[in-house]
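Peer 1: Pasting coords-v6.pdb below, which is PDB, C-alpha atoms and all ligand atoms.
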ATOM      1  CA  MET F   1       0.000   0.000   0.000
ATOM      2  CA  ARG F   2       1.282   3.490  -0.802
ATOM      3  CA  LEU F   3       2.092   5.326   2.427
ATOM      4  CA  GLU F   4       0.038   8.398   1.516
ATOM      5  CA  ASN F   5      -3.050   6.151   1.304
ATOM      6  CA  ILE F   6      -2.856   5.216   4.975
ATOM      7  CA  SER F   7      -5.130   7.284   7.243
ATOM      8  CA  PRO F   8      -3.436   9.227  10.082
ATOM      9  CA  LYS F   9      -5.193   6.982  12.611
ATOM     10  CA  LYS F  10      -3.944   3.801  10.938
ATOM     11  CA  ASN F  11      -0.482   5.303  10.659
ATOM     12  CA  ARG F  12      -0.474   6.102  14.404
ATOM     13  CA  ASN F  13      -1.610   2.565  15.235
ATOM     14  CA  ILE F  14       1.155   1.061  13.069
ATOM     15  CA  LYS F  15       3.729   3.237  14.874
ATOM     16  CA  LEU F  16       2.377   2.157  18.259
ATOM     17  CA  SER F  17       2.162  -1.520  17.335
ATOM     18  CA  ASN F  18       5.815  -1.400  16.227
ATOM     19  CA  GLN F  19       6.727  -0.484  19.816
ATOM     20  CA  ILE F  20       5.071  -3.610  21.231
ATOM     21  CA  ASP F  21       7.268  -6.550  22.186
ATOM     22  CA  MET F  22       5.242  -9.513  20.920
ATOM     23  CA  LYS F  23       7.123 -11.824  23.281
ATOM     24  CA  ARG F  24       5.835 -10.026  26.381
ATOM     25  CA  ILE F  25       2.110  -9.683  25.764
ATOM     26  CA  PRO F  26       0.065  -9.826  29.002
ATOM     27  CA  GLU F  27      -1.797 -13.111  29.087
ATOM     28  CA  HIS F  28      -4.726 -11.735  31.096
ATOM     29  CA  VAL F  29      -6.002  -8.162  30.809
ATOM     30  CA  ALA F  30      -8.797  -6.878  33.056
ATOM     31  CA  ILE F  31     -10.686  -3.684  32.257
ATOM     32  CA  ILE F  32     -12.905  -1.380  34.303
ATOM     33  CA  MET F  33     -14.844   0.127  31.410
ATOM     34  CA  ASP F  34     -15.737   3.496  32.922
ATOM     35  CA  GLY F  35     -16.994   6.843  31.668
ATOM     36  CA  ASN F  36     -19.996   5.962  29.478
ATOM     37  CA  GLY F  37     -22.343   8.341  31.283
ATOM     38  CA  ARG F  38     -19.951  11.300  31.224
ATOM     39  CA  TRP F  39     -19.225  10.711  27.550
ATOM     40  CA  ALA F  40     -22.922  10.927  26.708
ATOM     41  CA  SER F  41     -23.667  13.863  29.050
ATOM     42  CA  LYS F  42     -20.819  15.891  27.512
ATOM     43  CA  ARG F  43     -22.604  15.543  24.179
ATOM     44  CA  GLY F  44     -26.036  16.387  25.597
ATOM     45  CA  PHE F  45     -27.278  12.802  25.217
ATOM     46  CA  PRO F  46     -28.856  10.504  27.824
ATOM     47  CA  ARG F  47     -26.421   8.190  29.648
ATOM     48  CA  SER F  48     -27.853   5.202  27.765
ATOM     49  CA  TYR F  49     -26.279   6.560  24.586
ATOM     50  CA  GLY F  50     -22.858   6.172  26.207
ATOM     51  CA  HIS F  51     -23.624   2.583  27.224
ATOM     52  CA  ASN F  52     -24.602   1.736  23.629
ATOM     53  CA  GLN F  53     -21.400   3.279  22.341
ATOM     54  CA  GLY F  54     -19.454   1.378  25.011
ATOM     55  CA  VAL F  55     -20.627  -1.924  23.523
ATOM     56  CA  ASN F  56     -19.017  -1.083  20.166
ATOM     57  CA  VAL F  57     -15.745  -0.324  21.930
ATOM     58  CA  LEU F  58     -15.853  -3.620  23.809
ATOM     59  CA  LYS F  59     -16.325  -5.458  20.507
ATOM     60  CA  GLU F  60     -13.248  -3.721  19.095
ATOM     61  CA  ILE F  61     -11.109  -4.379  22.169
ATOM     62  CA  ILE F  62     -12.003  -8.086  22.177
ATOM     63  CA  LYS F  63     -10.694  -8.314  18.588
ATOM     64  CA  VAL F  64      -7.606  -6.211  19.263
ATOM     65  CA  SER F  65      -6.580  -8.070  22.421
ATOM     66  CA  LYS F  66      -7.171 -11.472  20.821
ATOM     67  CA  ASN F  67      -5.185 -10.532  17.701
ATOM     68  CA  LEU F  68      -2.354  -9.256  19.855
ATOM     69  CA  GLY F  69      -2.062 -12.631  21.578
ATOM     70  CA  CYS F  70      -3.735 -12.000  24.943
ATOM     71  CA  LYS F  71      -5.501 -15.133  26.149
ATOM     72  CA  VAL F  72      -8.012 -13.769  28.655
ATOM     73  CA  LEU F  73      -9.960 -10.516  28.808
ATOM     74  CA  THR F  74     -12.040  -9.799  31.920
ATOM     75  CA  VAL F  75     -14.374  -6.823  31.814
ATOM     76  CA  TYR F  76     -16.405  -5.159  34.553
ATOM     77  CA  ALA F  77     -19.881  -4.658  33.127
ATOM     78  CA  PHE F  78     -22.108  -4.251  36.191
ATOM     79  CA  SER F  79     -21.084  -4.030  39.832
ATOM     80  CA  THR F  80     -23.070  -5.036  42.914
ATOM     81  CA  GLU F  81     -23.129  -1.296  43.712
ATOM     82  CA  ASN F  82     -24.573  -0.334  40.303
ATOM     83  CA  TRP F  83     -28.057  -1.390  41.525
ATOM     84  CA  SER F  84     -28.081   1.942  43.382
ATOM     85  CA  ARG F  85     -28.441   3.813  40.076
ATOM     86  CA  PRO F  86     -31.893   5.013  38.946
ATOM     87  CA  ASN F  87     -34.149   2.070  37.970
ATOM     88  CA  LYS F  88     -34.344   3.340  34.431
ATOM     89  CA  GLU F  89     -30.575   3.088  33.950
ATOM     90  CA  VAL F  90     -30.349  -0.317  35.674
ATOM     91  CA  ASP F  91     -33.145  -1.679  33.445
ATOM     92  CA  PHE F  92     -31.491  -0.244  30.370
ATOM     93  CA  LEU F  93     -28.170  -1.893  31.208
ATOM     94  CA  ILE F  94     -29.726  -5.274  31.940
ATOM     95  CA  ASN F  95     -31.755  -5.208  28.710
ATOM     96  CA  LEU F  96     -28.630  -4.182  26.844
ATOM     97  CA  PHE F  97     -26.715  -7.281  28.076
ATOM     98  CA  GLU F  98     -29.489  -9.530  26.833
ATOM     99  CA  LYS F  99     -29.854  -7.772  23.490
ATOM    100  CA  VAL F 100     -26.120  -7.637  22.774
ATOM    101  CA  LEU F 101     -25.479 -11.198  23.830
ATOM    102  CA  LYS F 102     -28.276 -12.580  21.648
ATOM    103  CA  LYS F 103     -26.961 -10.592  18.683
ATOM    104  CA  GLU F 104     -23.264 -11.352  19.127
ATOM    105  CA  ILE F 105     -23.105 -14.886  20.512
ATOM    106  CA  ASP F 106     -22.820 -16.611  17.119
ATOM    107  CA  GLU F 107     -19.871 -14.454  16.106
ATOM    108  CA  ILE F 108     -18.266 -14.944  19.525
ATOM    109  CA  HIS F 109     -18.587 -18.693  19.017
ATOM    110  CA  GLN F 110     -17.272 -18.550  15.432
ATOM    111  CA  GLU F 111     -14.234 -16.680  16.712
ATOM    112  CA  SER F 112     -13.616 -19.595  19.100
ATOM    113  CA  ILE F 113     -14.080 -17.369  22.152
ATOM    114  CA  LYS F 114     -15.178 -18.906  25.417
ATOM    115  CA  ILE F 115     -17.516 -16.572  27.300
ATOM    116  CA  LYS F 116     -17.981 -16.750  31.067
ATOM    117  CA  PHE F 117     -20.101 -14.636  33.389
ATOM    118  CA  ILE F 118     -18.627 -13.874  36.762
ATOM    119  CA  GLY F 119     -20.955 -12.646  39.481
ATOM    120  CA  ASP F 120     -24.302 -13.464  41.048
ATOM    121  CA  ILE F 121     -26.786 -13.914  38.213
ATOM    122  CA  LEU F 122     -29.630 -15.028  40.500
ATOM    123  CA  PRO F 123     -31.430 -11.652  40.614
ATOM    124  CA  PHE F 124     -31.679 -11.491  36.804
ATOM    125  CA  SER F 125     -34.828 -12.443  34.890
ATOM    126  CA  LYS F 126     -35.430 -16.041  33.819
ATOM    127  CA  ASN F 127     -34.850 -14.987  30.223
ATOM    128  CA  LEU F 128     -31.531 -13.299  30.866
ATOM    129  CA  LYS F 129     -30.312 -16.165  33.058
ATOM    130  CA  SER F 130     -31.127 -18.593  30.275
ATOM    131  CA  VAL F 131     -29.265 -16.481  27.668
ATOM    132  CA  LEU F 132     -26.233 -16.253  29.964
ATOM    133  CA  ASN F 133     -26.244 -19.985  30.671
ATOM    134  CA  SER F 134     -26.760 -21.035  27.053
ATOM    135  CA  SER F 135     -23.966 -18.709  25.870
ATOM    136  CA  GLU F 136     -21.580 -20.269  28.368
ATOM    137  CA  ALA F 137     -22.656 -23.760  27.362
ATOM    138  CA  LEU F 138     -22.311 -23.063  23.633
ATOM    139  CA  THR F 139     -18.787 -21.683  23.925
ATOM    140  CA  ARG F 140     -17.524 -23.923  26.749
ATOM    141  CA  ASN F 141     -14.995 -25.815  24.610
ATOM    142  CA  ASN F 142     -13.633 -22.833  22.678
ATOM    143  CA  LYS F 143      -9.921 -22.503  23.056
ATOM    144  CA  SER F 144      -8.608 -19.377  21.313
ATOM    145  CA  PHE F 145      -9.569 -16.796  23.880
ATOM    146  CA  THR F 146     -11.624 -16.370  27.070
ATOM    147  CA  LEU F 147     -13.904 -13.414  27.688
ATOM    148  CA  ASN F 148     -15.007 -13.067  31.317
ATOM    149  CA  VAL F 149     -17.860 -10.620  31.801
ATOM    150  CA  CYS F 150     -18.342  -9.514  35.406
ATOM    151  CA  VAL F 151     -22.043  -8.911  35.980
ATOM    152  CA  ASN F 152     -23.555  -8.193  39.375
ATOM    153  CA  TYR F 153     -20.017  -8.712  40.592
ATOM    154  CA  GLY F 154     -18.448  -7.392  43.779
ATOM    155  CA  GLY F 155     -15.037  -8.354  45.124
ATOM    156  CA  ARG F 156     -16.065  -8.129  48.779
ATOM    157  CA  GLN F 157     -19.208 -10.204  48.211
ATOM    158  CA  GLU F 158     -17.064 -12.800  46.426
ATOM    159  CA  ILE F 159     -14.678 -13.004  49.409
ATOM    160  CA  VAL F 160     -17.592 -13.240  51.866
ATOM    161  CA  LYS F 161     -18.944 -16.222  49.888
ATOM    162  CA  VAL F 162     -15.539 -17.888  49.951
ATOM    163  CA  ALA F 163     -15.358 -17.393  53.734
ATOM    164  CA  GLN F 164     -18.843 -18.917  54.120
ATOM    165  CA  GLU F 165     -17.920 -21.967  52.019
ATOM    166  CA  ILE F 166     -14.704 -22.516  53.944
ATOM    167  CA  ALA F 167     -16.494 -22.080  57.291
ATOM    168  CA  LYS F 168     -19.059 -24.726  56.230
ATOM    169  CA  LYS F 169     -16.308 -27.156  55.249
ATOM    170  CA  SER F 170     -14.527 -26.534  58.512
ATOM    171  CA  VAL F 171     -17.659 -27.062  60.633
ATOM    172  CA  SER F 172     -18.445 -30.302  58.795
ATOM    173  CA  GLY F 173     -14.909 -31.502  59.467
ATOM    174  CA  GLU F 174     -13.998 -31.642  55.751
ATOM    175  CA  ILE F 175     -11.036 -29.340  56.379
ATOM    176  CA  LYS F 176      -9.061 -28.124  59.378
ATOM    177  CA  PRO F 177      -8.573 -24.344  59.928
ATOM    178  CA  SER F 178      -4.834 -24.901  59.464
ATOM    179  CA  GLU F 179      -5.549 -26.196  55.947
ATOM    180  CA  VAL F 180      -6.973 -22.846  54.812
ATOM    181  CA  ASN F 181      -4.408 -21.399  52.430
ATOM    182  CA  GLU F 182      -4.175 -19.294  49.260
ATOM    183  CA  GLU F 183      -4.705 -22.314  47.055
ATOM    184  CA  LEU F 184      -7.942 -23.226  48.815
ATOM    185  CA  ILE F 185      -9.208 -19.642  48.632
ATOM    186  CA  ASN F 186      -8.344 -19.499  44.917
ATOM    187  CA  SER F 187     -10.301 -22.676  44.329
ATOM    188  CA  GLU F 188     -13.418 -21.178  45.947
ATOM    189  CA  LEU F 189     -13.321 -17.870  44.070
ATOM    190  CA  LEU F 190     -15.637 -17.227  41.113
ATOM    191  CA  THR F 191     -12.481 -16.918  39.016
ATOM    192  CA  GLN F 192     -11.184 -20.366  39.975
ATOM    193  CA  GLY F 193      -8.907 -21.750  37.294
ATOM    194  CA  VAL F 194      -8.236 -18.296  35.797
ATOM    195  CA  LYS F 195      -4.744 -16.826  36.094
ATOM    196  CA  ASP F 196      -4.693 -13.485  37.964
ATOM    197  CA  PRO F 197      -4.772 -10.428  35.677
ATOM    198  CA  ASP F 198      -1.346  -9.238  34.531
ATOM    199  CA  LEU F 199      -2.688  -5.828  33.640
ATOM    200  CA  LEU F 200      -5.655  -3.818  34.921
ATOM    201  CA  ILE F 201      -6.840  -0.937  32.757
ATOM    202  CA  ARG F 202      -9.321   1.615  34.086
ATOM    203  CA  THR F 203     -10.639   4.249  31.744
ATOM    204  CA  SER F 204     -11.996   7.741  32.481
ATOM    205  CA  GLY F 205      -9.142   8.776  34.764
ATOM    206  CA  GLU F 206     -10.673   7.390  37.970
ATOM    207  CA  LYS F 207      -8.008   5.995  40.257
ATOM    208  CA  ARG F 208      -9.871   3.369  42.220
ATOM    209  CA  ILE F 209     -10.743  -0.301  42.056
ATOM    210  CA  SER F 210     -14.483   0.047  42.828
ATOM    211  CA  ASN F 211     -14.813  -3.443  44.339
ATOM    212  CA  PHE F 212     -13.324  -5.225  41.301
ATOM    213  CA  LEU F 213     -11.341  -8.483  41.712
ATOM    214  CA  LEU F 214      -9.960  -7.450  45.118
ATOM    215  CA  TRP F 215      -8.084 -10.713  45.717
ATOM    216  CA  GLN F 216      -6.996 -11.333  42.126
ATOM    217  CA  LEU F 217      -5.458  -7.887  41.494
ATOM    218  CA  ALA F 218      -2.859  -8.266  44.268
ATOM    219  CA  TYR F 219       0.067  -8.062  41.823
ATOM    220  CA  SER F 220      -1.524  -6.750  38.625
ATOM    221  CA  GLU F 221       0.051  -3.751  36.936
ATOM    222  CA  ILE F 222      -2.420  -0.847  36.924
ATOM    223  CA  TYR F 223      -2.854   1.481  33.966
ATOM    224  CA  ILE F 224      -5.211   4.453  34.206
ATOM    225  CA  SER F 225      -6.345   5.864  30.881
ATOM    226  CA  GLU F 226      -7.761   9.387  30.893
ATOM    227  CA  VAL F 227      -9.945   8.490  27.911
ATOM    228  CA  LEU F 228     -13.652   7.797  28.551
ATOM    229  CA  TRP F 229     -14.598   4.221  27.634
ATOM    230  CA  PRO F 230     -16.635   5.133  24.506
ATOM    231  CA  ASP F 231     -13.517   6.895  23.139
ATOM    232  CA  PHE F 232     -11.160   4.036  24.001
ATOM    233  CA  ASP F 233      -9.796   2.235  20.948
ATOM    234  CA  GLU F 234      -6.974   0.144  19.510
ATOM    235  CA  SER F 235      -4.388   2.901  19.913
ATOM    236  CA  GLU F 236      -5.328   3.481  23.571
ATOM    237  CA  PHE F 237      -5.098  -0.268  24.161
ATOM    238  CA  PHE F 238      -1.658  -0.355  22.500
ATOM    239  CA  LYS F 239      -0.539   2.521  24.766
ATOM    240  CA  ALA F 240      -1.592   0.492  27.823
ATOM    241  CA  ILE F 241       0.364  -2.531  26.567
ATOM    242  CA  ILE F 242       3.475  -0.445  25.841
ATOM    243  CA  ASP F 243       3.282   1.083  29.322
ATOM    244  CA  TYR F 244       2.818  -2.389  30.860
ATOM    245  CA  GLN F 245       5.916  -3.602  29.044
ATOM    246  CA  SER F 246       7.969  -0.772  30.544
ATOM    247  CA  ARG F 247       7.182  -1.989  34.076
ATOM    248  CA  ASN F 248       9.435  -4.146  36.181
ATOM    249  CA  ARG F 249       7.225  -6.726  37.877
ATOM    250  CA  ARG F 250       9.050  -7.516  41.081
ATOM    251  CA  PHE F 251       6.406  -9.400  43.107
ATOM    252  CA  GLY F 252       8.170  -8.222  46.242
ATOM    253  CA  GLY F 253      11.606  -9.222  45.007
ATOM    254  CA  ILE F 254      14.309  -6.959  43.629
ATOM    255  CA  GLU F 255      14.758  -5.557  40.177
ATOM    256  CA  SER F 256      16.834  -8.191  38.447
ATOM    257  CA  LEU F 257      18.381 -11.210  40.074
ATOM    258  CA  ALA F 258      20.340 -11.774  36.886
ATOM    259  CA  ASN F 259      22.186  -8.545  37.568
ATOM    260  CA  ASP F 260      24.867  -9.501  40.084
ATOM    261  CA  SER F 261      25.813  -5.948  41.023
ATOM    262  CA  LEU F 262      22.190  -5.316  42.083
ATOM    263  CA  LYS F 263      21.930  -8.632  43.853
ATOM    264  CA  ASP F 264      24.951  -7.857  45.995
ATOM    265  CA  SER F 265      24.463  -4.112  46.420
ATOM    266  CA  CYS F 266      22.517  -4.223  49.675
ATOM    267  CA  CYS F 267      24.280  -7.146  51.259
ATOM    268  CA  SER F 268      28.014  -6.641  50.815
ATOM    269  CA  THR F 269      29.824  -6.130  54.098
TER
HETATM  270  C1  LIG F 301     -19.359   2.557  33.062
HETATM  271  O1  LIG F 301     -19.714   3.855  32.792
HETATM  272  C2  LIG F 301     -20.462   1.564  32.804
HETATM  273  C3  LIG F 301     -21.091   1.015  34.016
HETATM  274  C4  LIG F 301     -20.767   1.264  35.246
HETATM  275  C5  LIG F 301     -22.184   0.095  33.789
HETATM  276  P1  LIG F 301     -20.519   4.730  33.841
HETATM  277  O2  LIG F 301     -21.967   4.474  33.648
HETATM  278  O3  LIG F 301     -20.028   4.501  35.212
HETATM  279  O4  LIG F 301     -20.184   6.190  33.360
HETATM  280  P2  LIG F 301     -19.714   7.399  34.264
HETATM  281  O5  LIG F 301     -18.568   6.929  35.091
HETATM  282  O6  LIG F 301     -20.888   7.797  35.110
HETATM  283  O7  LIG F 301     -19.326   8.461  33.295
HETATM  284  C1  LIG F 302     -17.206   0.547  38.118
HETATM  285  O1  LIG F 302     -17.591   1.795  37.646
HETATM  286  C2  LIG F 302     -18.173  -0.510  37.664
HETATM  287  C3  LIG F 302     -18.194  -0.791  36.235
HETATM  288  C4  LIG F 302     -17.426  -0.269  35.338
HETATM  289  C5  LIG F 302     -19.147  -1.786  35.830
HETATM  290  P1  LIG F 302     -18.507   2.764  38.531
HETATM  291  O2  LIG F 302     -18.734   3.958  37.708
HETATM  292  O3  LIG F 302     -19.703   2.029  39.030
HETATM  293  O4  LIG F 302     -17.565   3.057  39.769
HETATM  294  P2  LIG F 302     -17.506   4.318  40.742
HETATM  295  O5  LIG F 302     -18.886   4.561  41.241
HETATM  296  O6  LIG F 302     -16.999   5.465  39.933
HETATM  297  O7  LIG F 302     -16.537   3.934  41.810
HETATM  298 MG    MG F 303     -18.554   5.299  36.311
END
Show this structure as structure tokens.
Peer 2:
Amino acid sequence: MRLENISPKKNRNIKLSNQIDMKRIPEHVAIIMDGNGRWASKRGFPRSYGHNQGVNVLKEIIKVSKNLGCKVLTVYAFSTENWSRPNKEVDFLINLFEKVLKKEIDEIHQESIKIKFIGDILPFSKNLKSVLNSSEALTRNNKSFTLNVCVNYGGRQEIVKVAQEIAKKSVSGEIKPSEVNEELINSELLTQGVKDPDLLIRTSGEKRISNFLLWQLAYSEIYISEVLWPDFDESEFFKAIIDYQSRNRRFGGIESLANDSLKDSCCST
């Protein structure tokens, strides 16, 4: 293709993608998709308009992250605290999940994406529960990529449930208190079997976790994007990946054990 035929946006994305080290792609990316309401209000539209636009962005980011080589994408779609919004907005969001899922599930399946819903789906309508369950069942054996959608999810509620399950097992004598360890807690979490996120992205500039994956984010790298979710796109995602790759993940250790001068610097007598 002649260079002058490439749009400025495409050109920018090519430049950004050239900065990405394909050997160090985060396996699991989690996203707090925030800012839909503000995006719509700024344009004089109802908040629902921002939620609709947010769906298109999610579709793009699923493609982009999968093409880049990420294996798992976990998105926060509805928190346990979001029920406190006006009924009209809550109803809109819940109807939107059902509508979007029905429309997109065949393509999700064709793309060999496994979809999972993380959270308490009990309060949802019979119809929505059945759409969520059938989507999970249809895509259960897909291997290319996993999309976890957190709906009616709260990190504290998840930990409370884990504590209740462990307490039950302890009372029944199935386990001893001394056998409670990280592995057991991991196996009781809603995310059991899923590697912890390597990278957490939150859009809209907010610098908080808002009850998302409290246990699982212990050592995730955090990237705050100032962009509102409906404006987030491939280039913003690439920027998050480039920033992630500039980090030194120490997990409590020191910078580089391979570097002998560093290893010895604190301990030489
Ligand atoms: C995120 O956008 C979507 C959900 C929480 C469902 P918001 O609706 O929180 O938008 P802002 O943060 O009010 O702009
Ligand atoms: C977090 O965003 C929840 C989702 C993105 C689904 P909120 O907009 O609900 O979080 P707060 O209220 O700003 O903390
Ligand atoms: Mg918000």
Peer 1: Which one of F:Trp39, F:Phe92, F:Phe238, F:Tyr49 sits closest to F:Leu68 if you count only C-alpha atoms?
Peer 2: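 Smallest separation from F:Leu68 among the options: F:Phe238.
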Peer 1: Which residues are near ligand LIG 301 (chain F) in this structure, taking near to mean any atom at most 8 Å from a ligand atom and counting all atoms listed in the file? Format them as a ChimeraX atom specification.
Peer 2: /F:32-40,47,50-51,54,76-79,82,93,204,228-229
Peer 1: Taking the file as shown, find all residues satisfying the PyMOL selection byres (((chain F and resi 243) around 12) and not hetatm) and write them as a list in words.
Peer 2: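 This file gives the following for the PyMOL selection byres (((chain F and resi 243) around 12) and not hetatm): Leu16, Gln19, Ile20, Asp21, Arg24, Ile25, Pro26, Leu199, Leu200, Ile201, Glu221, Ile222, Tyr223, Ile224, Ser225, Glu236, Phe237, Phe238, Lys239, Ala240, Ile241, Ile242, Tyr244, Gln245, Ser246, Arg247 and Asn248 of chain F.
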Peer 1: Can you write out the residues you just picked, keeping C-alpha atoms, as a short mmCIF file (atom, residue, chain, number, x, y, z; two decimals), in the frame of the given file?
Peer 2:
data_model
loop_
_atom_site.label_atom_id
_atom_site.label_comp_id
_atom_site.auth_asym_id
_atom_site.auth_seq_id
_atom_site.Cartn_x
_atom_site.Cartn_y
_atom_site.Cartn_z
CA LEU F 16 2.38 2.16 18.26
CA GLN F 19 6.73 -0.48 19.82
CA ILE F 20 5.07 -3.61 21.23
CA ASP F 21 7.27 -6.55 22.19
CA ARG F 24 5.84 -10.03 26.38
CA ILE F 25 2.11 -9.68 25.76
CA PRO F 26 0.06 -9.83 29.00
CA LEU F 199 -2.69 -5.83 33.64
CA LEU F 200 -5.66 -3.82 34.92
CA ILE F 201 -6.84 -0.94 32.76
CA GLU F 221 0.05 -3.75 36.94
CA ILE F 222 -2.42 -0.85 36.92
CA TYR F 223 -2.85 1.48 33.97
CA ILE F 224 -5.21 4.45 34.21
CA SER F 225 -6.34 5.86 30.88
CA GLU F 236 -5.33 3.48 23.57
CA PHE F 237 -5.10 -0.27 24.16
CA PHE F 238 -1.66 -0.36 22.50
CA LYS F 239 -0.54 2.52 24.77
CA ALA F 240 -1.59 0.49 27.82
CA ILE F 241 0.36 -2.53 26.57
CA ILE F 242 3.48 -0.44 25.84
CA TYR F 244 2.82 -2.39 30.86
CA GLN F 245 5.92 -3.60 29.04
CA SER F 246 7.97 -0.77 30.54
CA ARG F 247 7.18 -1.99 34.08
CA ASN F 248 9.44 -4.15 36.18
#
Peer 1: Could you work out an axis-aligned bounding box for all listed atoms of ligand LIG 302 (chain F), with 8 Å added on each of the six sides, and give its centre and edge lengths in Å to one decimal, as JSON?
Peer 2:
{"center_x": -18.1, "center_y": 1.8, "center_z": 38.6, "size_x": 19.2, "size_y": 23.3, "size_z": 22.5}
Peer 1: For a cutoff of 7 Å around the file-coordinate point (-14.4, -16.0, 21.6), which residues qualify once you count all atoms listed in the file? I'd like the result as a PyMOL selection string.
Peer 2: chain F and resi 108-109+111-115+142+144-147
Peer 1: Complete stretch 210-216 of chain F with all heavy atoms (output as an mmCIF file, keeping the file's coordinate frame).
Peer 2:
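Result saved to result-v5.cif:
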data_model
loop_
_atom_site.group_PDB
_atom_site.id
_atom_site.type_symbol
_atom_site.label_atom_id
_atom_site.label_comp_id
_atom_site.auth_asym_id
_atom_site.auth_seq_id
_atom_site.Cartn_x
_atom_site.Cartn_y
_atom_site.Cartn_z
ATOM 1 N N SER F 210 -13.017 0.185 42.814
ATOM 2 C CA SER F 210 -14.483 0.047 42.828
ATOM 3 C C SER F 210 -14.948 -1.402 42.997
ATOM 4 O O SER F 210 -15.811 -1.887 42.253
ATOM 5 C CB SER F 210 -15.098 0.665 41.555
ATOM 6 O OG SER F 210 -14.764 2.021 41.445
ATOM 7 N N ASN F 211 -14.344 -2.092 43.969
ATOM 8 C CA ASN F 211 -14.813 -3.443 44.339
ATOM 9 C C ASN F 211 -14.604 -4.492 43.229
ATOM 10 O O ASN F 211 -15.350 -5.459 43.137
ATOM 11 C CB ASN F 211 -16.297 -3.376 44.745
ATOM 12 C CG ASN F 211 -16.699 -4.478 45.705
ATOM 13 O OD1 ASN F 211 -15.851 -5.178 46.258
ATOM 14 N ND2 ASN F 211 -17.991 -4.657 45.894
ATOM 15 N N PHE F 212 -13.595 -4.285 42.405
ATOM 16 C CA PHE F 212 -13.324 -5.225 41.301
ATOM 17 C C PHE F 212 -12.197 -6.176 41.703
ATOM 18 O O PHE F 212 -11.140 -5.723 42.163
ATOM 19 C CB PHE F 212 -12.918 -4.405 40.065
ATOM 20 C CG PHE F 212 -12.840 -5.180 38.763
ATOM 21 C CD1 PHE F 212 -13.798 -6.111 38.424
ATOM 22 C CD2 PHE F 212 -11.822 -4.927 37.858
ATOM 23 C CE1 PHE F 212 -13.740 -6.801 37.215
ATOM 24 C CE2 PHE F 212 -11.747 -5.602 36.639
ATOM 25 C CZ PHE F 212 -12.714 -6.547 36.324
ATOM 26 N N LEU F 213 -12.377 -7.450 41.579
ATOM 27 C CA LEU F 213 -11.341 -8.483 41.712
ATOM 28 C C LEU F 213 -10.320 -8.190 42.830
ATOM 29 O O LEU F 213 -9.104 -8.191 42.597
ATOM 30 C CB LEU F 213 -10.599 -8.624 40.371
ATOM 31 C CG LEU F 213 -11.454 -8.998 39.157
ATOM 32 C CD1 LEU F 213 -10.623 -8.973 37.871
ATOM 33 C CD2 LEU F 213 -12.096 -10.373 39.311
ATOM 34 N N LEU F 214 -10.835 -7.920 44.036
ATOM 35 C CA LEU F 214 -9.960 -7.450 45.118
ATOM 36 C C LEU F 214 -8.820 -8.428 45.424
ATOM 37 O O LEU F 214 -7.694 -8.013 45.667
ATOM 38 C CB LEU F 214 -10.791 -7.222 46.390
ATOM 39 C CG LEU F 214 -11.860 -6.146 46.273
ATOM 40 C CD1 LEU F 214 -12.582 -5.983 47.605
ATOM 41 C CD2 LEU F 214 -11.256 -4.814 45.833
ATOM 42 N N TRP F 215 -9.116 -9.692 45.413
ATOM 43 C CA TRP F 215 -8.084 -10.713 45.717
ATOM 44 C C TRP F 215 -7.146 -10.882 44.523
ATOM 45 O O TRP F 215 -5.926 -10.927 44.652
ATOM 46 C CB TRP F 215 -8.790 -12.037 46.054
ATOM 47 C CG TRP F 215 -7.911 -13.233 46.171
ATOM 48 C CD1 TRP F 215 -7.462 -14.027 45.147
ATOM 49 C CD2 TRP F 215 -7.350 -13.787 47.359
ATOM 50 N NE1 TRP F 215 -6.669 -15.036 45.627
ATOM 51 C CE2 TRP F 215 -6.582 -14.916 46.984
ATOM 52 C CE3 TRP F 215 -7.420 -13.451 48.721
ATOM 53 C CZ2 TRP F 215 -5.899 -15.705 47.907
ATOM 54 C CZ3 TRP F 215 -6.742 -14.239 49.636
ATOM 55 C CH2 TRP F 215 -5.991 -15.341 49.224
ATOM 56 N N GLN F 216 -7.743 -10.945 43.333
ATOM 57 C CA GLN F 216 -6.996 -11.333 42.126
ATOM 58 C C GLN F 216 -6.036 -10.252 41.640
ATOM 59 O O GLN F 216 -5.086 -10.536 40.906
ATOM 60 C CB GLN F 216 -7.981 -11.670 40.997
ATOM 61 C CG GLN F 216 -8.905 -12.852 41.280
ATOM 62 C CD GLN F 216 -10.184 -12.464 42.034
ATOM 63 O OE1 GLN F 216 -10.240 -11.430 42.697
ATOM 64 N NE2 GLN F 216 -11.194 -13.283 41.941
#
